[in-house]
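Quick look at my_file00.cif (mmCIF, C-alpha atoms):
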```cif
data_structure
#
loop_
_atom_site.label_atom_id
_atom_site.label_comp_id
_atom_site.auth_asym_id
_atom_site.auth_seq_id
_atom_site.Cartn_x
_atom_site.Cartn_y
_atom_site.Cartn_z
CA MET P 1 36.75 15.05 21.13
CA LYS P 2 37.67 12.43 23.68
CA GLN P 3 36.08 13.85 26.78
CA GLY P 4 32.40 13.39 27.60
CA VAL P 5 29.90 16.22 27.75
CA SER P 6 27.46 17.07 30.48
CA LYS P 7 23.81 16.11 30.15
CA GLU P 8 22.90 19.77 30.33
CA LEU P 9 25.16 20.69 27.44
CA ALA P 10 23.91 17.77 25.33
CA HIS P 11 20.32 18.80 26.04
CA LEU P 12 20.91 22.46 25.17
CA VAL P 13 22.80 21.60 21.98
CA ASN P 14 19.94 19.31 20.97
CA LEU P 15 17.43 22.12 21.51
CA LYS P 16 19.63 24.46 19.46
CA LEU P 17 19.75 21.98 16.58
CA GLU P 18 15.97 21.76 16.66
CA GLY P 19 15.65 25.53 16.84
CA ASN P 20 13.83 25.39 20.16
CA LEU P 21 16.13 27.33 22.48
CA ASN P 22 14.42 30.01 24.55
CA ALA P 23 16.24 33.13 25.78
CA THR P 24 17.26 31.67 29.15
CA GLU P 25 18.51 28.45 27.59
CA GLN P 26 20.37 30.47 24.99
CA GLN P 27 22.12 32.42 27.72
CA ARG P 28 22.97 29.27 29.62
CA LEU P 29 24.41 27.65 26.48
CA ALA P 30 26.45 30.76 25.74
CA TYR P 31 27.85 30.61 29.25
CA LEU P 32 28.76 26.91 28.96
CA LEU P 33 30.40 27.53 25.58
CA SER P 34 32.41 30.49 26.84
CA ASP P 35 33.69 28.39 29.68
CA SER P 36 34.92 25.33 27.83
CA GLU P 37 36.65 24.49 24.57
CA ASN P 38 35.32 21.00 24.95
CA ALA P 39 31.78 22.37 24.87
CA ARG P 40 32.54 24.48 21.77
CA ASN P 41 33.94 21.44 20.00
CA TYR P 42 30.87 19.42 20.90
CA LEU P 43 28.52 22.07 19.50
CA ARG P 44 30.59 22.41 16.32
CA GLN P 45 30.66 18.63 15.76
CA MET P 46 26.95 18.22 16.39
CA GLU P 47 26.17 21.06 13.98
CA GLU P 48 28.43 19.48 11.38
CA LEU P 49 26.75 16.13 11.86
CA ASP P 50 23.30 17.68 11.60
CA ALA P 51 24.24 19.60 8.46
CA HIS P 52 25.81 16.50 6.96
CA LEU P 53 22.69 14.44 7.58
CA ARG P 54 20.48 17.18 6.15
CA SER P 55 22.60 17.41 3.03
CA THR P 56 22.03 13.75 2.24
CA SER P 57 19.52 14.18 -0.50
CA GLN P 58 16.32 12.23 -0.73
CA TRP P 59 16.54 9.69 -3.48
CA SER P 60 13.73 9.90 -6.01
CA PRO P 61 13.29 6.61 -7.80
CA GLN P 62 11.76 6.81 -11.24
CA SER P 63 10.74 3.21 -11.66
CA ASP P 64 7.11 2.10 -11.75
CA ILE P 65 6.49 -1.19 -9.96
CA SER P 66 2.69 -1.01 -10.01
CA GLN P 67 2.34 -3.46 -12.92
CA GLN P 68 4.57 -6.04 -11.24
CA VAL P 69 2.65 -5.68 -7.98
CA ILE P 70 -0.74 -6.13 -9.64
CA GLN P 71 0.62 -9.09 -11.61
CA ARG P 72 1.92 -10.74 -8.43
CA ILE P 73 -1.39 -10.19 -6.66
CA GLY P 74 -3.26 -11.63 -9.64
CA GLU P 75 -1.02 -14.69 -9.72
CA ALA P 76 -1.44 -15.25 -5.99
CA GLN P 77 -5.20 -15.00 -6.31
CA GLN P 78 -5.29 -17.37 -9.25
CA LYS P 79 -3.26 -19.85 -7.26
CA GLN P 80 -5.55 -19.52 -4.27
CA LYS P 81 -8.67 -19.81 -6.40
CA HIS P 82 -7.21 -22.86 -8.12
CA ILE P 83 -6.61 -24.56 -4.78
CA ARG P 84 -10.13 -23.79 -3.65
CA THR P 85 -12.17 -24.42 -6.75
CA ILE P 86 -10.47 -26.71 -9.26
CA SER P 87 -11.26 -30.15 -8.00
CA LEU P 88 -12.88 -33.49 -8.27
CA ALA P 89 -16.52 -32.84 -7.49
CA GLY P 90 -17.13 -30.44 -10.34
CA ASN P 91 -20.81 -31.22 -10.91
CA PHE P 92 -21.83 -30.54 -7.36
CA ARG P 93 -19.80 -27.42 -7.17
CA THR P 94 -20.82 -25.83 -10.42
CA ASN P 95 -24.42 -26.94 -10.88
CA ALA P 96 -25.99 -27.14 -7.46
CA PRO P 97 -27.97 -24.11 -6.38
CA ALA P 98 -26.36 -22.14 -3.58
CA LEU P 99 -28.92 -23.18 -0.98
CA LEU P 100 -28.39 -26.85 -1.74
CA ARG P 101 -24.65 -26.35 -1.40
CA TYR P 102 -25.08 -24.71 1.98
CA ALA P 103 -27.33 -27.54 3.12
CA ALA P 104 -24.84 -30.15 1.97
CA ILE P 105 -21.97 -28.36 3.63
CA LEU P 106 -23.97 -28.07 6.82
CA LEU P 107 -24.80 -31.75 6.68
CA ILE P 108 -21.13 -32.64 6.37
CA GLY P 109 -20.37 -30.31 9.26
CA LEU P 110 -23.09 -31.90 11.36
CA MET P 111 -21.74 -35.34 10.62
CA VAL P 112 -18.34 -34.25 11.83
CA GLY P 113 -20.00 -32.69 14.86
CA SER P 114 -22.01 -35.82 15.64
CA ALA P 115 -18.89 -37.91 15.53
CA LEU P 116 -17.22 -35.51 17.91
CA THR P 117 -20.19 -35.58 20.28
CA MET P 118 -19.79 -39.33 20.47
CA ILE P 119 -16.17 -38.84 21.32
CA ILE P 120 -17.10 -36.32 23.99
CA SER P 121 -19.66 -38.61 25.57
CA THR P 122 -17.05 -41.31 26.05
CA GLY P 123 -14.11 -39.12 26.83
CA ARG P 124 -12.94 -35.63 26.04
CA PHE P 125 -10.74 -34.86 23.12
CA SER P 126 -7.10 -35.23 23.79
CA ALA P 127 -5.74 -32.85 21.20
CA ASP P 128 -4.78 -29.39 22.33
CA ARG P 129 -4.47 -26.57 19.83
CA GLN P 130 -3.83 -28.88 16.97
CA ALA P 131 -4.85 -28.08 13.46
CA VAL P 132 -5.49 -30.63 10.78
CA VAL P 133 -5.90 -29.32 7.29
CA GLY P 134 -7.09 -31.21 4.29
CA SER P 135 -8.20 -30.42 0.80
CA MET P 136 -10.42 -32.57 -1.36
CA GLY P 137 -12.93 -32.00 -4.09
CA GLY P 138 -12.57 -28.22 -4.01
CA ARG P 139 -13.22 -28.15 -0.29
CA THR P 140 -10.60 -27.14 2.20
CA THR P 141 -11.26 -28.53 5.62
CA GLN P 142 -9.56 -27.77 8.85
CA ALA P 143 -9.93 -28.97 12.43
CA MET P 144 -8.52 -27.25 15.48
CA SER P 145 -8.97 -27.97 19.14
CA PHE P 146 -8.34 -25.97 22.26
CA GLY P 147 -8.99 -26.36 25.94
CA ASP P 148 -7.89 -27.02 29.47
CA ASP P 149 -9.14 -29.20 32.32
CA ASP P 150 -12.51 -27.44 32.45
CA TRP P 151 -13.38 -27.09 28.81
CA GLN P 152 -12.63 -28.44 25.38
CA LEU P 153 -13.53 -26.84 22.11
CA GLN P 154 -13.18 -28.13 18.59
CA LEU P 155 -13.60 -26.08 15.46
CA ASN P 156 -14.19 -27.72 12.13
CA SER P 157 -14.13 -25.41 9.16
CA MET P 158 -14.88 -26.10 5.56
CA VAL P 159 -14.33 -23.69 2.70
CA VAL P 160 -16.07 -24.30 -0.61
CA ASP P 161 -15.65 -21.59 -3.19
CA GLN P 162 -16.39 -18.54 -1.07
CA THR P 163 -18.61 -20.19 1.51
CA ILE P 164 -17.20 -21.04 4.90
CA THR P 165 -18.95 -23.39 7.28
CA LEU P 166 -17.75 -23.54 10.84
CA VAL P 167 -18.92 -26.14 13.35
CA ILE P 168 -18.00 -25.58 16.98
CA THR P 169 -18.26 -28.64 19.19
CA ALA P 170 -17.64 -28.05 22.85
CA TYR P 171 -17.67 -29.52 26.29
CA ALA P 172 -17.40 -27.39 29.42
CA SER P 173 -17.71 -28.44 33.04
CA VAL P 174 -17.94 -24.77 34.07
CA GLU P 175 -19.75 -22.21 31.93
CA ILE P 176 -17.57 -20.55 29.34
CA GLN P 177 -18.36 -17.77 26.93
CA THR P 178 -17.08 -18.09 23.40
CA ASN P 179 -16.92 -15.19 20.95
CA ILE P 180 -16.14 -15.50 17.29
CA SER P 181 -15.72 -12.28 15.36
CA PHE P 182 -15.02 -11.65 11.73
CA ASP P 183 -14.07 -8.79 9.43
CA GLN P 184 -17.31 -7.40 8.05
CA GLY P 185 -15.56 -6.05 5.01
CA ALA P 186 -14.47 -9.55 4.10
CA TYR P 187 -17.36 -11.76 5.24
CA SER P 188 -21.09 -11.66 5.71
CA LEU P 189 -22.94 -13.96 8.04
CA ILE P 190 -25.42 -16.22 6.26
CA LYS P 191 -26.65 -18.23 9.19
CA ALA P 192 -25.74 -19.29 12.72
CA GLY P 193 -27.44 -21.66 15.11
CA ASP P 194 -27.34 -24.50 17.55
CA THR P 195 -27.42 -28.12 16.51
CA SER P 196 -27.20 -29.82 19.89
CA SER P 197 -30.20 -31.26 21.65
CA LYS P 198 -30.82 -28.00 23.52
CA PRO P 199 -32.98 -25.87 21.26
CA ASN P 200 -32.96 -22.94 23.68
CA GLN P 201 -29.22 -22.46 23.24
CA VAL P 202 -29.17 -19.83 20.53
CA PRO P 203 -25.98 -17.90 19.74
CA THR P 204 -26.20 -14.16 20.14
CA VAL P 205 -25.32 -12.26 16.99
CA SER P 206 -24.10 -8.70 17.38
CA GLY P 207 -22.67 -7.02 14.28
CA ASN P 208 -19.63 -9.02 13.36
CA GLU P 209 -19.58 -11.10 16.51
CA LEU P 210 -21.22 -14.34 17.59
CA MET P 211 -21.40 -15.21 21.25
CA PHE P 212 -22.08 -18.70 22.60
CA HIS P 213 -22.51 -19.72 26.22
CA ILE P 214 -21.33 -23.26 26.73
CA LYS P 215 -22.04 -25.55 29.65
CA GLY P 216 -22.01 -29.31 29.17
CA ASN P 217 -22.00 -30.57 25.59
CA GLU P 218 -22.87 -28.04 22.91
CA ARG P 219 -22.60 -27.74 19.18
CA TYR P 220 -23.02 -24.61 17.12
CA PHE P 221 -22.56 -23.73 13.51
CA MET P 222 -22.06 -20.61 11.48
CA ILE P 223 -21.98 -20.05 7.74
CA LEU P 224 -20.09 -17.12 6.29
CA GLN P 225 -19.90 -15.84 2.77
CA GLN P 226 -16.63 -14.33 1.64
CA GLN P 227 -17.36 -10.87 0.24
CA ALA P 228 -14.40 -10.16 -1.95
CA VAL P 229 -11.84 -12.27 -3.73
CA ILE P 230 -8.96 -11.30 -1.52
CA PRO P 231 -6.90 -13.46 0.82
CA MET P 232 -9.23 -14.23 3.68
CA PRO P 233 -8.47 -12.36 6.88
CA PRO P 234 -8.56 -14.52 10.01
CA LEU P 235 -11.51 -14.96 12.33
CA HIS P 236 -10.92 -14.17 15.99
CA LEU P 237 -11.84 -16.62 18.70
CA ASN P 238 -11.98 -15.60 22.36
CA VAL P 239 -12.89 -17.84 25.28
CA VAL P 240 -13.79 -16.35 28.65
CA LYS P 241 -13.91 -18.53 31.76
CA ASN P 242 -14.89 -17.16 35.18
CA GLY P 243 -14.63 -13.63 33.81
CA SER P 244 -11.06 -14.10 32.55
CA LEU P 245 -9.91 -14.33 28.98
CA VAL P 246 -8.37 -17.78 28.71
CA LEU P 247 -7.94 -18.03 24.95
CA GLN P 248 -7.40 -15.48 22.22
CA GLN P 249 -6.83 -17.16 18.91
CA GLU P 250 -6.74 -16.18 15.25
CA ILE P 251 -8.44 -18.71 13.02
CA ASN P 252 -6.90 -18.67 9.59
CA LEU P 253 -9.14 -20.20 6.97
CA PHE P 254 -7.21 -21.90 4.25
CA MET Z 1 -6.89 13.23 -0.56
CA LYS Z 2 -7.30 11.17 2.60
CA GLN Z 3 -11.01 10.66 1.89
CA GLU Z 4 -10.27 9.85 -1.74
CA GLU Z 5 -7.75 7.23 -0.64
CA TYR Z 6 -10.25 5.78 1.81
CA ASP Z 7 -12.75 5.46 -1.06
CA ILE Z 8 -10.14 3.64 -3.15
CA ILE Z 9 -9.37 1.31 -0.24
CA ARG Z 10 -13.07 0.52 0.23
CA ARG Z 11 -13.32 -0.36 -3.47
CA ILE Z 12 -10.27 -2.62 -3.15
CA GLN Z 13 -11.81 -4.30 -0.11
CA GLN Z 14 -14.84 -5.00 -2.29
CA GLY Z 15 -12.65 -6.80 -4.80
CA HIS Z 16 -11.56 -4.13 -7.28
CA ILE Z 17 -7.93 -5.24 -7.42
CA ASN Z 18 -6.87 -2.89 -10.17
CA ASP Z 19 -7.64 0.12 -7.98
CA PHE Z 20 -4.74 -1.00 -5.85
CA GLY Z 21 -2.49 0.04 -8.73
CA HIS Z 22 -3.47 3.69 -8.06
CA LEU Z 23 -2.27 3.40 -4.48
CA VAL Z 24 0.97 1.74 -5.58
CA LYS Z 25 1.63 4.48 -8.15
CA ARG Z 26 0.92 7.17 -5.60
CA HIS Z 27 3.20 5.81 -2.86
CA GLN Z 28 5.82 3.72 -4.64
CA ALA Z 29 8.46 6.46 -4.85
CA ALA Z 30 8.32 7.16 -1.11
CA VAL Z 31 8.35 3.46 -0.24
CA ILE Z 32 11.23 2.61 -2.59
CA SER Z 33 13.18 5.61 -1.34
CA LEU Z 34 12.69 4.55 2.28
CA LEU Z 35 13.72 0.97 1.48
CA TYR Z 36 16.73 2.25 -0.40
CA GLN Z 37 17.83 4.17 2.67
CA MET Z 38 17.19 1.18 4.89
CA LEU Z 39 18.69 -1.53 2.67
CA GLY Z 40 21.29 0.43 0.74
CA ARG Z 41 20.76 -1.07 -2.70
CA ALA Z 42 18.42 0.20 -5.38
CA GLU Z 43 17.59 -3.20 -6.88
CA GLU Z 44 16.77 -4.70 -3.51
CA ALA Z 45 14.72 -1.65 -2.61
CA GLU Z 46 12.52 -2.14 -5.67
CA GLU Z 47 12.22 -5.87 -5.11
CA VAL Z 48 11.32 -5.49 -1.43
CA ALA Z 49 8.92 -2.65 -2.30
CA GLN Z 50 6.95 -5.14 -4.38
CA ASP Z 51 6.76 -7.46 -1.35
CA VAL Z 52 5.62 -4.53 0.78
CA PHE Z 53 2.75 -3.66 -1.54
CA VAL Z 54 1.72 -7.31 -1.94
CA LYS Z 55 1.65 -7.59 1.88
CA ALA Z 56 -0.34 -4.37 2.07
CA PHE Z 57 -2.86 -5.79 -0.39
CA GLU Z 58 -3.11 -9.07 1.50
CA ASN Z 59 -3.87 -7.19 4.69
CA ILE Z 60 -5.99 -4.41 3.30
CA GLY Z 61 -9.09 -6.10 4.72
CA ALA Z 62 -7.70 -5.24 8.14
CA PHE Z 63 -7.08 -1.56 7.31
CA ASN Z 64 -9.17 0.26 9.91
CA PHE Z 65 -9.29 3.79 8.43
CA LYS Z 66 -7.83 5.24 11.64
CA SER Z 67 -4.53 6.21 10.04
CA LYS Z 68 -3.40 7.41 6.64
CA PHE Z 69 -2.66 4.72 4.07
CA PHE Z 70 0.79 6.28 3.72
CA SER Z 71 1.60 5.75 7.42
CA TRP Z 72 0.22 2.23 7.30
CA VAL Z 73 2.22 1.17 4.25
CA TYR Z 74 5.34 2.90 5.60
CA ARG Z 75 5.05 0.83 8.77
CA ILE Z 76 4.80 -2.34 6.68
CA ALA Z 77 7.87 -1.20 4.72
CA ILE Z 78 9.92 -0.54 7.86
CA ASN Z 79 9.01 -3.91 9.39
CA THR Z 80 9.72 -5.71 6.12
CA ALA Z 81 13.10 -3.97 5.74
CA ILE Z 82 14.09 -4.81 9.31
CA SER Z 83 13.14 -8.47 8.80
CA TYR Z 84 14.99 -8.49 5.49
CA ARG Z 85 18.14 -7.07 7.06
CA GLN Z 86 17.99 -9.55 9.91
CA LYS Z 87 17.47 -12.40 7.48
CA GLU Z 88 20.23 -11.37 5.15
CA GLN Z 89 22.63 -10.32 7.91
CA ARG Z 90 23.60 -7.51 5.65
CA PHE Z 91 25.82 -4.89 7.13
CA GLN Z 92 28.22 -4.36 4.27
CA ARG Z 93 28.81 -1.04 2.65
CA PRO Z 94 25.78 0.18 0.73
CA ASP Z 95 26.22 0.96 -2.95
CA TYR Z 96 24.82 4.47 -2.78
CA MET Z 97 28.18 6.01 -1.90
CA PRO Z 98 29.36 8.53 -4.43
CA GLU Z 99 32.10 7.13 -6.61
CA GLN Z 100 35.38 9.04 -6.57
CA GLY Z 101 36.48 9.99 -10.06
CA ILE Z 102 40.03 10.60 -11.19
CA ASN Z 103 39.50 14.35 -10.94
CA ALA Z 104 38.08 14.28 -7.46
CA THR Z 105 39.51 17.09 -5.42
CA GLU Z 106 40.97 16.51 -2.00
CA ASN Z 107 37.87 18.08 -0.43
CA THR Z 108 35.57 15.79 -2.38
CA VAL Z 109 37.54 12.76 -1.30
CA LEU Z 110 37.42 13.85 2.33
CA GLU Z 111 33.72 14.62 2.11
CA ASN Z 112 32.99 11.25 0.53
CA GLU Z 113 35.06 9.53 3.18
CA ARG Z 114 33.09 11.32 5.88
CA THR Z 115 29.80 10.37 4.20
CA ARG Z 116 30.92 6.75 4.17
CA TYR Z 117 31.74 6.79 7.88
CA VAL Z 118 28.47 8.52 8.75
CA LYS Z 119 26.49 5.93 6.75
CA GLN Z 120 28.41 3.12 8.40
CA ALA Z 121 27.74 4.61 11.81
CA ILE Z 122 24.02 4.90 11.00
CA ASP Z 123 24.03 1.29 9.83
CA GLN Z 124 25.45 0.19 13.16
CA LEU Z 125 22.76 1.92 15.22
CA LYS Z 126 19.94 -0.09 16.76
CA GLU Z 127 16.96 -0.28 14.38
CA LYS Z 128 14.83 2.09 16.45
CA TYR Z 129 17.47 4.84 16.23
CA ARG Z 130 18.40 4.11 12.66
CA THR Z 131 14.77 4.25 11.54
CA VAL Z 132 14.14 7.59 13.17
CA ILE Z 133 17.28 9.10 11.59
CA ILE Z 134 16.25 7.83 8.16
CA LEU Z 135 12.67 9.05 8.49
CA SER Z 136 13.66 12.44 9.83
CA TYR Z 137 16.75 13.36 7.83
CA PHE Z 138 16.57 11.32 4.64
CA GLU Z 139 12.83 11.01 4.13
CA GLN Z 140 12.22 14.43 5.68
CA LEU Z 141 9.10 13.40 7.57
CA SER Z 142 7.79 15.72 10.28
CA TYR Z 143 7.78 14.61 13.92
CA ALA Z 144 4.02 14.12 13.69
CA GLU Z 145 4.37 11.91 10.61
CA ILE Z 146 7.14 9.85 12.20
CA ALA Z 147 5.02 9.45 15.32
CA GLU Z 148 2.11 8.13 13.23
CA VAL Z 149 4.28 5.77 11.21
CA LEU Z 150 6.03 4.33 14.25
CA ASP Z 151 2.93 4.49 16.43
CA ILE Z 152 4.74 6.40 19.17
CA THR Z 153 4.30 9.89 20.62
CA GLU Z 154 6.00 12.97 19.16
CA LYS Z 155 7.82 13.35 22.47
CA LYS Z 156 9.23 9.86 22.01
CA VAL Z 157 10.28 10.73 18.45
CA LYS Z 158 12.23 13.75 19.71
CA SER Z 159 13.81 11.74 22.48
CA ARG Z 160 14.86 8.98 20.06
CA LEU Z 161 16.35 11.51 17.67
CA PHE Z 162 18.28 13.11 20.52
CA ASP Z 163 19.66 9.71 21.57
CA ALA Z 164 20.36 8.73 17.96
CA ARG Z 165 22.39 11.89 17.31
CA LYS Z 166 24.36 11.38 20.52
CA LEU Z 167 25.11 7.77 19.61
CA LEU Z 168 26.15 8.79 16.09
CA HIS Z 169 28.42 11.47 17.46
CA ALA Z 170 30.04 8.99 19.84
CA LYS Z 171 30.66 6.53 17.00
CA LEU Z 172 32.19 9.24 14.80
CA VAL Z 173 34.44 10.41 17.63
CA HIS Z 174 35.47 6.80 18.15
CA SER Z 175 36.27 6.43 14.42
CA GLY Z 176 38.40 9.56 14.51
CA ILE Z 177 36.13 11.51 12.16
CA PHE Z 178 35.72 14.23 14.79
#
```
Write out the structure in this file as structure tokens.
Amino acid sequence: MKQGVSKELAHLVNLKLEGNLNATEQQRLAYLLSDSENARNYLRQMEELDAHLRSTSQWSPQSDISQQVIQRIGEAQQKQKHIRTISLAGNFRTNAPALLRYAAILLIGLMVGSALTMIISTGRFSADRQAVVGSMGGRTTQAMSFGDDDWQLQLNSMVVDQTITLVITAYASVEIQTNISFDQGAYSLIKAGDTSSKPNQVPTVSGNELMFHIKGNERYFMILQQQAVIPMPPLHLNVVKNGSLVLQQEINLF
Amino acid sequence: MKQEEYDIIRRIQQGHINDFGHLVKRHQAAVISLLYQMLGRAEEAEEVAQDVFVKAFENIGAFNFKSKFFSWVYRIAINTAISYRQKEQRFQRPDYMPEQGINATENTVLENERTRYVKQAIDQLKEKYRTVIILSYFEQLSYAEIAEVLDITEKKVKSRLFDARKLLHAKLVHSGIF
């Protein structure tokens, strides 16, 4: 059929194929068909096409891929665990009580934070949305920075076994609100707090979300425990300035 | 069944990896079949299906229990197949065409030829039309199921199917099949 068909005919034929023609539409279609061979051809071809598509049988595969899938997942997890845990500082990692490990991790985080505060006091950070990732002694560390003319924010994360320490060092000339949320199925919050010289600046914890108000120089920390040995879902960082969302960022922990 | 699957997913989220095998066993046939229709080759369908389930596992922490697992994994499969096709630039004839034996009658030959043209025409459709044809005709999903998988309204599903059929018809007219 070379000639085009009217929109009305195409619509009515479509309804017929779906079995949704009412009496009036049926009458109208019958009229259009009686009036034109072109229309009859169109209906016949569309019915043939519909029948042809319906006759294409669903393929039913018999193979079982579940073992391969589980094997691949296991291998990926082993690889990830190997990266995170097999390392140089074995004694610390395997023998130290959990609390001591948290304290040590926090201390390292604070050291990084202190260094950054010094940088802030002499000049703001220059990096913008850069991530630096390193791995040493079973720890995976990562640094990311974000900001604009009014605010700068640096996140330092450290992952040891299944413990994640995050230090947020920030400078803001106008007040900004920072939210960090996490998947509660994957992480639990061990501790969060402020480490700057302003003891009244306490982060607000609400379910799976931490909220910090930043004005001037601030430094916060949070410690998360990974719940299950699955690839870690990202954290979500939002920054609100003057009531507007200025940053929405996924933080992937390596 | 939905609640039972949700319980399995919660156990997987808590670290019981092997429970994921139950979900794979339950949905693998549908996923492989869909990928077969989308990619055209059985071996690739099985290989890509493995990728789909590994991706599903990696992201199961983000499963929000608002949809069925089936719809969720189907969506992953569709997106993976589309990426795979784009990556491979594969538009050659699929291998699922019936082979014509020596004793094939004239009608069989003609029918097979028509099937080949129809498949080619489907292959040339935009992904959004192609997907809806595959889900509706080949996978025999209801409008409601297609809407959930594609995260669109049922009205949109019907409208896409209407457009897809018109486009297919135009291609077949152009090829001289009609």
What would the selection look like, as number ranges by chain, if the PyMOL selection byres ((chain P) within 10 of (chain Z)) were run on the coordinates I just shared? P: 1-4, 10-11, 13-15, 17-18, 41-42, 44-46, 48-74, 76, 183-186, 227-234
Residue neighbourhood Met222 (chain P), 10 Å, all atoms listed in the file, exclusion window fewer than 3 positions, as a PDB file with C-alpha atoms, in the frame of the given file:
```pdb
ATOM      1  CA  LEU P 106     -23.970 -28.070   6.820  1.00  0.00           C
ATOM      2  CA  SER P 157     -14.130 -25.410   9.160  1.00  0.00           C
ATOM      3  CA  ILE P 164     -17.200 -21.040   4.900  1.00  0.00           C
ATOM      4  CA  THR P 165     -18.950 -23.390   7.280  1.00  0.00           C
ATOM      5  CA  LEU P 166     -17.750 -23.540  10.840  1.00  0.00           C
ATOM      6  CA  VAL P 167     -18.920 -26.140  13.350  1.00  0.00           C
ATOM      7  CA  ILE P 168     -18.000 -25.580  16.980  1.00  0.00           C
ATOM      8  CA  ILE P 180     -16.140 -15.500  17.290  1.00  0.00           C
ATOM      9  CA  LEU P 189     -22.940 -13.960   8.040  1.00  0.00           C
ATOM     10  CA  ILE P 190     -25.420 -16.220   6.260  1.00  0.00           C
ATOM     11  CA  LYS P 191     -26.650 -18.230   9.190  1.00  0.00           C
ATOM     12  CA  ALA P 192     -25.740 -19.290  12.720  1.00  0.00           C
ATOM     13  CA  GLY P 193     -27.440 -21.660  15.110  1.00  0.00           C
ATOM     14  CA  ASP P 194     -27.340 -24.500  17.550  1.00  0.00           C
ATOM     15  CA  PRO P 203     -25.980 -17.900  19.740  1.00  0.00           C
ATOM     16  CA  LEU P 210     -21.220 -14.340  17.590  1.00  0.00           C
TER      17      LEU P 210
END
```
CA of Ile82 (chain Z) and CA of Glu127 (chain Z), how far apart in Å? 7.4 Å
So how far away is CA of Val174 (chain P) from CA of Asn217 (chain P), in Å? 11.0 Å
At a cut-off of 9 Å, using only C-alpha atoms, what residues contact Trp72 (chain Z)? Leave out same-chain residues fewer than 3 positions from it and give the result as a ChimeraX atom specification. /Z:56,63,67-69,75-77,148-149
Care to translate the PyMOL selection byres ((chain P and resi 207) around 10) into actual residues of this file, as a PyMOL selection string? chain P and resi 181-182+184+188-189+204-206+208-210
I'd like to know which of P:Gln249, P:Ile223, P:Leu235, P:Gln77 is closest to Gly147 (chain P), using all atoms listed in the file.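 For Gly147 (chain P), the nearest of the given residues is P:Gln249.
Here CA of Leu43 (chain P) and CA of Gln27 (chain P) stand 14.7 Å from one another.
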